[in-house]
Each structure stands twice: as C-alpha cells, then as structure tokens.
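Participant: If you scroll down you'll find the structure; I have some questions about it.
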Amino acid sequence: MKIIIATPSPFARKVRVILREKNINFEEIIDVPWNSKTLTDGVNPLRKIPILINDNLEPLFDSKVIAQYLDHYKSKPLFYPKDLKENISARLIETVADGICDAVVLIFLENSRTVALRSKTWIKRQEKKIFEGVEYLSQHLDEKMYFVGNHFNIADVSGFSCLEYLDLRFPQFKWRNKYKNLFKYWNIHKYRESFKETKPITQIIESLDN
Ligand SMILES: N[C@@H](CCC(=O)N[C@@H](CS)C(=O)NCC(=O)O)C(=O)O
C-alpha cells in the first residue's frame, strides 16, 4: 500500500498515524500538492492529499474515507468506535478538528498572497472558526485522557494533529495558555511513537499568485 502525503498536512497525518498504529506495511510518498507538478494530478480530481493507493482498489482520497477504509482493512486497533453514541461523538470531534485545520490552511494561503490582495475580513472569518473550534475541543475533552470513550481513537488522532498544526501555522494563538486541559492532554500523548514520527514539517511551496 502507498500513501501520498505532504509533510505539514494534518489530514495526511491522521492517516499516517493510523497506518503506524495498525502496524500496516506502507510506503510514504511525499508531494507538495500546491505546486503545479503535483502527484495528485490525474489521481484525485480535487488535487489534494492524502491519497491511498492500494493494488486492488481505485485511489482513495480524503482522510476520513481513508481512515474508515483502514478500519475495514485491519480492524485492530479500531479507530471508529462500534458503539453508535461514541462513534458519532468521535466523528464530531474529527469534523471539528479537520474544520479548524481547513480554516488554518485558508489563513495560511491568504497570507501567502501579496499584501494588496489579502482580505482581513476573510482572515477574521476563519479565525472565528479556529477559536470556537478549539473551545469545542476543550469542552468535550473536559479532564479526560481521551476525547471519546476510554481508548485512543479517531477523535484523538484528529484532535492531537489539529493542536500541533496550530503550533506550526497559527502559533500566535497560544492555546496552551488558554486551555489547560488541552495542554495536559497534549503532554500525555506527545510521547506516542506514531505522533513523534509524524510531527508536521514545513515545505516550500510555489507562489500562488503566479
Ligand atoms: N478534506 C480533505 C482535506 C485535504 C487537504 O485539504 N489537503 C491539502 C493539504 S493540507 C491539499 O492537498 N491541498 C491542495 C489544494 O487544495 O490544492 C481530507 O481530509 O483529506
């Protein structure tokens, strides 16, 4: 199995973490999806990573689709809880964490444009999603060790990846100061091997205004 990723991407990270946790053999292929010569060309019509290539299947894209597929490919450990209530709660945390990352990406892209083209209103709109999203994560975590239920699952993969993506692309938001419970949670999970091996790393991207 092959997985096309970008090293800063929190979406690719979800899949990279799950592959490691499930101990599946895979090859990681690094792409820069923003560049004109991207490996996503002709593979994902949305031209986004992550993409999973498995011999007997058409290419899979979108981290949620891939993560759910991996639970079927190898069920242990399971990332989407079987219990309906827990399953919904975990997928809501995943959706909020992914949505925060989407907003961070949009701000990053806006700030990559020449100053005259940047919209402060647009940036403010995205910032609101980030602030309210992190508030949601903090409230739902409360003082627990895992976001949902009593085992590490998709909510933790997404939530943790989101918090470290904020560190990379939105460091001015010092979430550790405002949300002590998230800070405590991050301290507990940061030593996990799959997280250590997939820490986000920036890439150089082509100018978007060319
Ligand atoms: N909903 C998608 C989001 C994936 C995504 O936004 N990937 C970004 C990298 S972080 C990308 O490839 N962007 C390239 C583009 O939009 O052109 C998922 O969960 O996989």
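Letters A, B, ... go to the chains of the structure tokens in the order shown; residues in each chain start at 1; ligands are counted from 1 in the same order.
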Using only C-alpha atoms and all ligand atoms, I'd like a table of the residues in chain A that come within 8 Å of ligand 1; for each, show the closest atom pair and its distance in Å rounded to one decimal, ordered by chain and ascending number, as a Markdown table.
Facilitator:
| residue | atom | partner | partner_atom_place_in_ligand_line | distance |
| --- | --- | --- | --- | --- |
| A:Ala6 | CA | ligand 1 | 9 (C) | 6.6 |
| A:Pro8 | CA | ligand 1 | 10 (S) | 6.9 |
| A:Ser9 | CA | ligand 1 | 10 (S) | 4.0 |
| A:Pro10 | CA | ligand 1 | 10 (S) | 6.2 |
| A:Phe11 | CA | ligand 1 | 19 (O) | 4.9 |
| A:Ala12 | CA | ligand 1 | 20 (O) | 6.7 |
| A:Val32 | CA | ligand 1 | 12 (O) | 7.7 |
| A:Pro33 | CA | ligand 1 | 14 (C) | 4.7 |
| A:Trp34 | CA | ligand 1 | 17 (O) | 5.0 |
| A:Leu46 | CA | ligand 1 | 16 (O) | 7.2 |
| A:Arg47 | CA | ligand 1 | 17 (O) | 5.5 |
| A:Lys48 | CA | ligand 1 | 12 (O) | 3.1 |
| A:Ile49 | CA | ligand 1 | 12 (O) | 4.0 |
| A:Pro50 | CA | ligand 1 | 20 (O) | 5.4 |
| A:Ile51 | CA | ligand 1 | 20 (O) | 7.9 |
| A:Phe61 | CA | ligand 1 | 20 (O) | 6.3 |
| A:Asp62 | CA | ligand 1 | 20 (O) | 3.3 |
| A:Ser63 | CA | ligand 1 | 20 (O) | 3.8 |
| A:Lys64 | CA | ligand 1 | 19 (O) | 5.7 |
| A:Asp98 | CA | ligand 1 | 19 (O) | 6.7 |
| A:Cys101 | CA | ligand 1 | 10 (S) | 8.0 |
| A:Asp102 | CA | ligand 1 | 6 (O) | 6.4 |
| A:Val105 | CA | ligand 1 | 10 (S) | 6.9 |
Participant: Which neighbours of Phe173 of chain A fall inside 12 Å, counting only C-alpha atoms, when residues of the same chain fewer than 4 positions from it are skipped, and could you give them as a PDB file with all heavy atoms, in the first residue's frame?
Facilitator:
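Below is the file selection_14.pdb, written as the result:
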ATOM      1  N   VAL A 104      -7.223  27.067   9.203  1.00  0.00           N
ATOM      2  CA  VAL A 104      -5.800  27.439   9.321  1.00  0.00           C
ATOM      3  C   VAL A 104      -5.135  27.446   7.937  1.00  0.00           C
ATOM      4  O   VAL A 104      -4.377  28.367   7.610  1.00  0.00           O
ATOM      5  CB  VAL A 104      -5.058  26.466  10.283  1.00  0.00           C
ATOM      6  CG1 VAL A 104      -3.554  26.727  10.273  1.00  0.00           C
ATOM      7  CG2 VAL A 104      -5.598  26.595  11.697  1.00  0.00           C
ATOM      8  N   GLU A 127     -10.570  32.884  11.521  1.00  0.00           N
ATOM      9  CA  GLU A 127     -10.086  32.851  12.917  1.00  0.00           C
ATOM     10  C   GLU A 127     -11.209  32.478  13.880  1.00  0.00           C
ATOM     11  O   GLU A 127     -10.992  31.761  14.847  1.00  0.00           O
ATOM     12  CB  GLU A 127      -9.509  34.222  13.297  1.00  0.00           C
ATOM     13  CG  GLU A 127      -8.094  34.402  12.771  1.00  0.00           C
ATOM     14  CD  GLU A 127      -7.500  35.765  13.110  1.00  0.00           C
ATOM     15  OE1 GLU A 127      -8.242  36.636  13.611  1.00  0.00           O
ATOM     16  OE2 GLU A 127      -6.308  35.950  12.837  1.00  0.00           O
ATOM     17  N   LYS A 128     -12.410  32.968  13.600  1.00  0.00           N
ATOM     18  CA  LYS A 128     -13.569  32.647  14.451  1.00  0.00           C
ATOM     19  C   LYS A 128     -13.783  31.138  14.517  1.00  0.00           C
ATOM     20  O   LYS A 128     -14.089  30.567  15.560  1.00  0.00           O
ATOM     21  CB  LYS A 128     -14.822  33.297  13.872  1.00  0.00           C
ATOM     22  CG  LYS A 128     -15.332  34.414  14.710  1.00  0.00           C
ATOM     23  CD  LYS A 128     -16.623  34.944  14.183  1.00  0.00           C
ATOM     24  CE  LYS A 128     -17.369  35.481  15.385  1.00  0.00           C
ATOM     25  NZ  LYS A 128     -18.549  36.163  15.069  1.00  0.00           N
ATOM     26  N   ILE A 130     -11.560  28.867  14.101  1.00  0.00           N
ATOM     27  CA  ILE A 130     -10.472  28.270  14.883  1.00  0.00           C
ATOM     28  C   ILE A 130     -10.750  28.431  16.374  1.00  0.00           C
ATOM     29  O   ILE A 130     -10.696  27.464  17.138  1.00  0.00           O
ATOM     30  CB  ILE A 130      -9.121  28.919  14.505  1.00  0.00           C
ATOM     31  CG1 ILE A 130      -8.800  28.661  13.029  1.00  0.00           C
ATOM     32  CG2 ILE A 130      -8.002  28.406  15.414  1.00  0.00           C
ATOM     33  CD1 ILE A 130      -7.601  29.430  12.505  1.00  0.00           C
ATOM     34  N   PHE A 131     -11.086  29.661  16.793  1.00  0.00           N
ATOM     35  CA  PHE A 131     -11.284  29.911  18.226  1.00  0.00           C
ATOM     36  C   PHE A 131     -12.481  29.108  18.772  1.00  0.00           C
ATOM     37  O   PHE A 131     -12.398  28.489  19.827  1.00  0.00           O
ATOM     38  CB  PHE A 131     -11.476  31.409  18.489  1.00  0.00           C
ATOM     39  CG  PHE A 131     -10.282  32.243  18.087  1.00  0.00           C
ATOM     40  CD1 PHE A 131     -10.430  33.504  17.522  1.00  0.00           C
ATOM     41  CD2 PHE A 131      -8.991  31.751  18.266  1.00  0.00           C
ATOM     42  CE1 PHE A 131      -9.322  34.260  17.144  1.00  0.00           C
ATOM     43  CE2 PHE A 131      -7.872  32.504  17.885  1.00  0.00           C
ATOM     44  CZ  PHE A 131      -8.042  33.757  17.318  1.00  0.00           C
ATOM     45  N   VAL A 134     -11.613  25.286  18.802  1.00  0.00           N
ATOM     46  CA  VAL A 134     -10.739  24.835  19.905  1.00  0.00           C
ATOM     47  C   VAL A 134     -11.516  24.865  21.228  1.00  0.00           C
ATOM     48  O   VAL A 134     -11.351  23.975  22.069  1.00  0.00           O
ATOM     49  CB  VAL A 134      -9.435  25.670  19.966  1.00  0.00           C
ATOM     50  CG1 VAL A 134      -8.589  25.263  21.167  1.00  0.00           C
ATOM     51  CG2 VAL A 134      -8.622  25.479  18.673  1.00  0.00           C
ATOM     52  N   LEU A 163      -4.054  20.219  17.077  1.00  0.00           N
ATOM     53  CA  LEU A 163      -3.354  21.093  18.029  1.00  0.00           C
ATOM     54  C   LEU A 163      -1.923  21.363  17.565  1.00  0.00           C
ATOM     55  O   LEU A 163      -1.443  22.502  17.614  1.00  0.00           O
ATOM     56  CB  LEU A 163      -3.350  20.453  19.430  1.00  0.00           C
ATOM     57  CG  LEU A 163      -4.720  20.363  20.112  1.00  0.00           C
ATOM     58  CD1 LEU A 163      -4.627  19.599  21.431  1.00  0.00           C
ATOM     59  CD2 LEU A 163      -5.318  21.749  20.345  1.00  0.00           C
ATOM     60  N   GLU A 164      -1.233  20.331  17.063  1.00  0.00           N
ATOM     61  CA  GLU A 164       0.151  20.562  16.623  1.00  0.00           C
ATOM     62  C   GLU A 164       0.191  21.302  15.280  1.00  0.00           C
ATOM     63  O   GLU A 164       1.189  21.949  14.974  1.00  0.00           O
ATOM     64  CB  GLU A 164       0.924  19.241  16.570  1.00  0.00           C
ATOM     65  CG  GLU A 164       1.221  18.735  17.975  1.00  0.00           C
ATOM     66  CD  GLU A 164       2.425  17.817  18.060  1.00  0.00           C
ATOM     67  OE1 GLU A 164       2.801  17.200  17.046  1.00  0.00           O
ATOM     68  OE2 GLU A 164       2.992  17.713  19.173  1.00  0.00           O
ATOM     69  N   TYR A 165      -0.885  21.222  14.513  1.00  0.00           N
ATOM     70  CA  TYR A 165      -0.920  22.009  13.279  1.00  0.00           C
ATOM     71  C   TYR A 165      -1.070  23.501  13.618  1.00  0.00           C
ATOM     72  O   TYR A 165      -0.493  24.363  12.955  1.00  0.00           O
ATOM     73  CB  TYR A 165      -2.061  21.530  12.380  1.00  0.00           C
ATOM     74  CG  TYR A 165      -1.980  22.105  10.983  1.00  0.00           C
ATOM     75  CD1 TYR A 165      -0.856  21.895  10.188  1.00  0.00           C
ATOM     76  CD2 TYR A 165      -3.010  22.882  10.459  1.00  0.00           C
ATOM     77  CE1 TYR A 165      -0.767  22.443   8.913  1.00  0.00           C
ATOM     78  CE2 TYR A 165      -2.932  23.422   9.181  1.00  0.00           C
ATOM     79  CZ  TYR A 165      -1.811  23.200   8.420  1.00  0.00           C
ATOM     80  OH  TYR A 165      -1.719  23.733   7.153  1.00  0.00           O
ATOM     81  N   LEU A 166      -1.817  23.777  14.696  1.00  0.00           N
ATOM     82  CA  LEU A 166      -1.927  25.172  15.160  1.00  0.00           C
ATOM     83  C   LEU A 166      -0.549  25.699  15.553  1.00  0.00           C
ATOM     84  O   LEU A 166      -0.198  26.839  15.258  1.00  0.00           O
ATOM     85  CB  LEU A 166      -2.873  25.252  16.367  1.00  0.00           C
ATOM     86  CG  LEU A 166      -4.363  25.116  16.066  1.00  0.00           C
ATOM     87  CD1 LEU A 166      -5.157  24.936  17.353  1.00  0.00           C
ATOM     88  CD2 LEU A 166      -4.894  26.327  15.302  1.00  0.00           C
ATOM     89  N   ASP A 167       0.240  24.833  16.202  1.00  0.00           N
ATOM     90  CA  ASP A 167       1.600  25.257  16.587  1.00  0.00           C
ATOM     91  C   ASP A 167       2.421  25.656  15.366  1.00  0.00           C
ATOM     92  O   ASP A 167       3.186  26.607  15.390  1.00  0.00           O
ATOM     93  CB  ASP A 167       2.347  24.113  17.301  1.00  0.00           C
ATOM     94  CG  ASP A 167       1.760  23.807  18.665  1.00  0.00           C
ATOM     95  OD1 ASP A 167       1.054  24.679  19.212  1.00  0.00           O
ATOM     96  OD2 ASP A 167       2.009  22.704  19.182  1.00  0.00           O
ATOM     97  N   LEU A 168       2.232  24.888  14.285  1.00  0.00           N
ATOM     98  CA  LEU A 168       3.039  25.115  13.080  1.00  0.00           C
ATOM     99  C   LEU A 168       2.587  26.358  12.315  1.00  0.00           C
ATOM    100  O   LEU A 168       3.403  27.183  11.913  1.00  0.00           O
ATOM    101  CB  LEU A 168       2.929  23.890  12.164  1.00  0.00           C
ATOM    102  CG  LEU A 168       3.793  23.920  10.906  1.00  0.00           C
ATOM    103  CD1 LEU A 168       5.226  23.538  11.240  1.00  0.00           C
ATOM    104  CD2 LEU A 168       3.252  22.965   9.842  1.00  0.00           C
ATOM    105  N   ARG A 169       1.277  26.482  12.098  1.00  0.00           N
ATOM    106  CA  ARG A 169       0.774  27.513  11.179  1.00  0.00           C
ATOM    107  C   ARG A 169       0.056  28.682  11.840  1.00  0.00           C
ATOM    108  O   ARG A 169      -0.238  29.670  11.181  1.00  0.00           O
ATOM    109  CB  ARG A 169      -0.220  26.870  10.189  1.00  0.00           C
ATOM    110  CG  ARG A 169       0.359  25.865   9.234  1.00  0.00           C
ATOM    111  CD  ARG A 169       1.095  26.547   8.112  1.00  0.00           C
ATOM    112  NE  ARG A 169       1.352  25.631   7.025  1.00  0.00           N
ATOM    113  CZ  ARG A 169       2.551  25.453   6.474  1.00  0.00           C
ATOM    114  NH1 ARG A 169       3.585  26.150   6.912  1.00  0.00           N
ATOM    115  NH2 ARG A 169       2.711  24.614   5.475  1.00  0.00           N
ATOM    116  N   ASN A 177      -1.978  28.275  26.813  1.00  0.00           N
ATOM    117  CA  ASN A 177      -2.235  29.215  27.916  1.00  0.00           C
ATOM    118  C   ASN A 177      -3.717  29.274  28.261  1.00  0.00           C
ATOM    119  O   ASN A 177      -4.096  29.339  29.418  1.00  0.00           O
ATOM    120  CB  ASN A 177      -1.785  30.631  27.533  1.00  0.00           C
ATOM    121  CG  ASN A 177      -0.280  30.704  27.370  1.00  0.00           C
ATOM    122  OD1 ASN A 177       0.420  29.745  27.705  1.00  0.00           O
ATOM    123  ND2 ASN A 177       0.222  31.811  26.844  1.00  0.00           N
ATOM    124  N   LYS A 178      -4.555  29.233  27.230  1.00  0.00           N
ATOM    125  CA  LYS A 178      -5.993  29.395  27.471  1.00  0.00           C
ATOM    126  C   LYS A 178      -6.659  28.085  27.896  1.00  0.00           C
ATOM    127  O   LYS A 178      -7.608  28.097  28.683  1.00  0.00           O
ATOM    128  CB  LYS A 178      -6.642  29.933  26.190  1.00  0.00           C
ATOM    129  CG  LYS A 178      -8.084  30.269  26.359  1.00  0.00           C
ATOM    130  CD  LYS A 178      -8.594  31.329  25.422  1.00  0.00           C
ATOM    131  CE  LYS A 178     -10.016  31.693  25.830  1.00  0.00           C
ATOM    132  NZ  LYS A 178     -10.852  31.970  24.697  1.00  0.00           N
ATOM    133  N   TYR A 179      -6.164  26.961  27.382  1.00  0.00           N
ATOM    134  CA  TYR A 179      -6.854  25.678  27.621  1.00  0.00           C
ATOM    135  C   TYR A 179      -5.927  24.691  28.316  1.00  0.00           C
ATOM    136  O   TYR A 179      -5.258  23.886  27.673  1.00  0.00           O
ATOM    137  CB  TYR A 179      -7.372  25.109  26.298  1.00  0.00           C
ATOM    138  CG  TYR A 179      -8.387  26.002  25.648  1.00  0.00           C
ATOM    139  CD1 TYR A 179      -8.048  26.768  24.534  1.00  0.00           C
ATOM    140  CD2 TYR A 179      -9.671  26.119  26.167  1.00  0.00           C
ATOM    141  CE1 TYR A 179      -8.981  27.618  23.947  1.00  0.00           C
ATOM    142  CE2 TYR A 179     -10.608  26.969  25.594  1.00  0.00           C
ATOM    143  CZ  TYR A 179     -10.258  27.709  24.482  1.00  0.00           C
ATOM    144  OH  TYR A 179     -11.177  28.546  23.913  1.00  0.00           O
TER     145      TYR A 179
END
Participant: Distance atom CA of Leu84 of chain A-atom CA of Asn153 of chain A, one decimal place?
Facilitator: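 Atom-to-atom, atom CA of Leu84 of chain A and atom CA of Asn153 of chain A are spaced 14.0 Å apart.
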Participant: Quick check, in Å to one decimal: how far apart do atom CA of Gly159 of chain A and atom CA of Asn54 of chain A lie?
Facilitator: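 Spanning atom CA of Gly159 of chain A to atom CA of Asn54 of chain A is a straight-line distance of 26.7 Å.
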Participant: Would you list, as a ChimeraX atom specification, the residues of segment 41-195 of chain A that end up in helix (DSSP H, G or I) under DSSP run on this structure's backbone?
Facilitator: /A:63-73,84-112,115-117,120-141,154-169,175-178,180-189,193-195
Participant: With only C-alpha atoms as the counted atoms, please give the residues lying no more than 12 Å from Glu132 of chain A, apart from itself and same-chain residues fewer than 3 positions off, as a list in words.
Facilitator: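 Listing them by chain and then by number gives Val96, Ala97, Gly99, Ile100, Ala103, Arg125, Gln126, Glu127, Lys128, Lys129, Glu135, Tyr136, Leu137, Ser138, Gln139 and Trp175 of chain A.
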Participant: Using only C-alpha atoms, pick whichever of A:Ile3, A:Leu60, A:Ile188, A:Met145 has the shortest atom-to-atom distance to Ile30 of chain A.
Facilitator: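 Ranked by minimum distance to Ile30 of chain A, first place goes to A:Ile3.
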Participant: In Å, how far is it from atom CA of Val17 of chain A to atom CA of Leu106 of chain A?
Facilitator: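 Atom CA of Leu106 of chain A lies 23.7 Å from atom CA of Val17 of chain A.
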Participant: Could you check the closest approach to Lys82 of chain A for each of A:Lys180, A:Ile201, A:Glu206, A:Gly149 and tell me which residue wins, using only C-alpha atoms?
Facilitator: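 Selected residue with least distance to Lys82 of chain A: A:Gly149.
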Participant: Please identify all polymer residues within 8 Å of Glu28 of chain A, counting only C-alpha atoms, omitting same-chain residues fewer than 3 positions from it, and present them as a list in words.
Facilitator: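 Counting only the stated atoms, we get Lys2, Ile3, Ile4 and Ile5 of chain A.
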Participant: So that I can check the secondary structure, give me every residue of segment 44-157 of chain A assigned strand (DSSP E or B) by backbone DSSP, as an MDAnalysis selection string.
Facilitator: chainID A and resid 51:53 60:61
Participant: Restricting the calculation to only C-alpha atoms, which member of A:Arg20, A:Thr121, A:Ile93, A:Met1 is positioned closest to Thr198 of chain A?
Facilitator: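 Answer, going by the shortest atom-to-atom distance: A:Arg20.
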Participant: Tell me, as a PyMOL selection string, which residues lie within 10 Å of Phe152 of chain A, counting only C-alpha atoms; anything in the same chain fewer than 4 positions away does not count.
Facilitator: chain A and resi 77-81+145-148+156-157+189
Participant: I need the chosen residues saved as a PDB file, in the first residue's frame, with C-alpha atoms.
Facilitator:
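Output file selection.pdb follows:
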ATOM      1  CA  PRO A  77      -6.936  -1.303  16.914  1.00  0.00           C
ATOM      2  CA  LEU A  78     -10.284   0.126  15.859  1.00  0.00           C
ATOM      3  CA  PHE A  79     -10.403   3.896  15.265  1.00  0.00           C
ATOM      4  CA  TYR A  80     -14.141   4.418  14.729  1.00  0.00           C
ATOM      5  CA  PRO A  81     -15.933   3.147  17.861  1.00  0.00           C
ATOM      6  CA  MET A 145      -7.486  11.214  28.934  1.00  0.00           C
ATOM      7  CA  TYR A 146      -9.224  10.545  25.597  1.00  0.00           C
ATOM      8  CA  PHE A 147     -11.724  12.712  23.751  1.00  0.00           C
ATOM      9  CA  VAL A 148     -14.299   9.917  23.495  1.00  0.00           C
ATOM     10  CA  ASP A 156      -7.580  11.688  19.443  1.00  0.00           C
ATOM     11  CA  VAL A 157      -5.753  11.268  16.135  1.00  0.00           C
ATOM     12  CA  HIS A 189       0.038  11.920  24.222  1.00  0.00           C
TER      13      HIS A 189
END
